[in-house]
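Below is one structure, written out as structure tokens; comments come after it.
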Amino acid sequence: MTYTELDSALASYSTVSLTGESSYPLFMVKNSACEGRVALHGAHLLSWQPVGEEHPVLYTSPEAIYKLGKPVRGGVPICWPWFNAHPTDASLPSHGFARNRFWEFLEVEEGTDYTVLTFQLRADAGTKALWEANFRVVARITLGETAAVQVTTENCGEQDITVGGALHTYFSVGEITNTSVTGFEGCTYVDTVGGGAIEKRQEGAVTFTSEVDSIYINTTAPAHIIDKSWSRQVRVERGGSASAVVWNPWDKKAQEIGDLPDSSYHHFVCIEAANAREDFYGLKAGESHTLSTTISVVR
Ligand code: TA6
């Protein structure tokens, strides 16, 4: 749909409007429970703010780049159909290609205190140049008192496919050194800082005094972000995922990342619902799988 067609398609809804450049449509959501923004590019939830919540819940870099082919640094990037580097071809884009292209808007659903936006991405010549699968992937973004992103992969081909990925959510925090993450106590994780892959066991809460890049495996438990600076807890639930990633780049890597201010590492942490490492999944012809993350501010 063109921008004008999108605008017309939204005219009958009271909680959704279109904004942004015609070359980069943004969906603005405002309902009785929250406000939010979603980019058509990447079906990318950029912001979600429950009514009455003083501090931003999701972090988006002030230096984020909004153009075709570049994933926005922040919000909930949909990393799909693989997590981080492609397992066999390093020339392919890190974290897959779903976050680097425009999706197709499908529909809006409005409830008394929530709004649902649905988008899809289907296989085409461009995706087949990167991954031969015949797929449909649907992103269902629900914004209300809680925020949920559900990504459903359908195998539309005859061949079995193998899929990974992550909902790479950036959470705003008051100060990373006053922040901890609970929910992974006793879990095995792979410490990938510096490109390594060292298996460790989580002792107590996750705290932050240097770069953290940890892939927790065989865990489905919710995580909580304990933000002492803002006296806030944020709950992160996962579905269709037995792995989770906790990431903060710290100072050196933040300086190396062009669309992140050097000091930004103080103000966000990524808690990702993942299908990472051995947690990828296979789909036979006609099968589907849903990866989801559900975010709430504990009141
Ligand atoms: O999920 C953590 C991670 O894989 C880190 O290793 C770092 O690369 C981060 O994702 C950001 O990746 P991006 O491709 O979005 O810059």
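Chain lettering (A, B, ...) mirrors the order of the structure tokens, residue numbering begins at 1 for each chain separately, and ligand numbering begins at 1 in order of display.
Residues with any atom within 7 Å of His41 (chain A), counting only C-alpha atoms and excluding same-chain neighbours fewer than 6 positions away, are A:Arg99, A:Asn100, A:Arg101, A:Phe102, A:Trp103.
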What are the closest atom pairs, with distances in Å to one decimal, for all residues of chain A lying within 6 Å of ligand 1? Consider only C-alpha atoms and all ligand atoms, order rows by chain and residue number, and present the result as a tab-separated table.
```
residue	atom	partner	partner_atom_place_in_ligand_line	distance
A:Asn84	CA	ligand 1	4 (O)	5.0
A:Ser94	CA	ligand 1	14 (O)	5.5
A:Asp213	CA	ligand 1	2 (C)	5.9
A:Val245	CA	ligand 1	1 (O)	5.9
A:Trp247	CA	ligand 1	2 (C)	5.3
```
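Residues with any atom within 9 Å of Leu46 (chain A), counting only C-alpha atoms and excluding same-chain neighbours fewer than 6 positions away, are Gly36, Arg37, Val38, Ala39, Leu58, Tyr59, Thr60, Val72, Gly74, Gly75, Val76 and Pro77 of chain A.
Using only C-alpha atoms, the smallest distance between any of A:Gly195, A:Gly144, A:Gly240, A:Pro93 and Ala129 (chain A) comes from A:Pro93.
Between CA of Lys200 (chain A) and CA of Thr182 (chain A) lies a distance of 16.2 Å.
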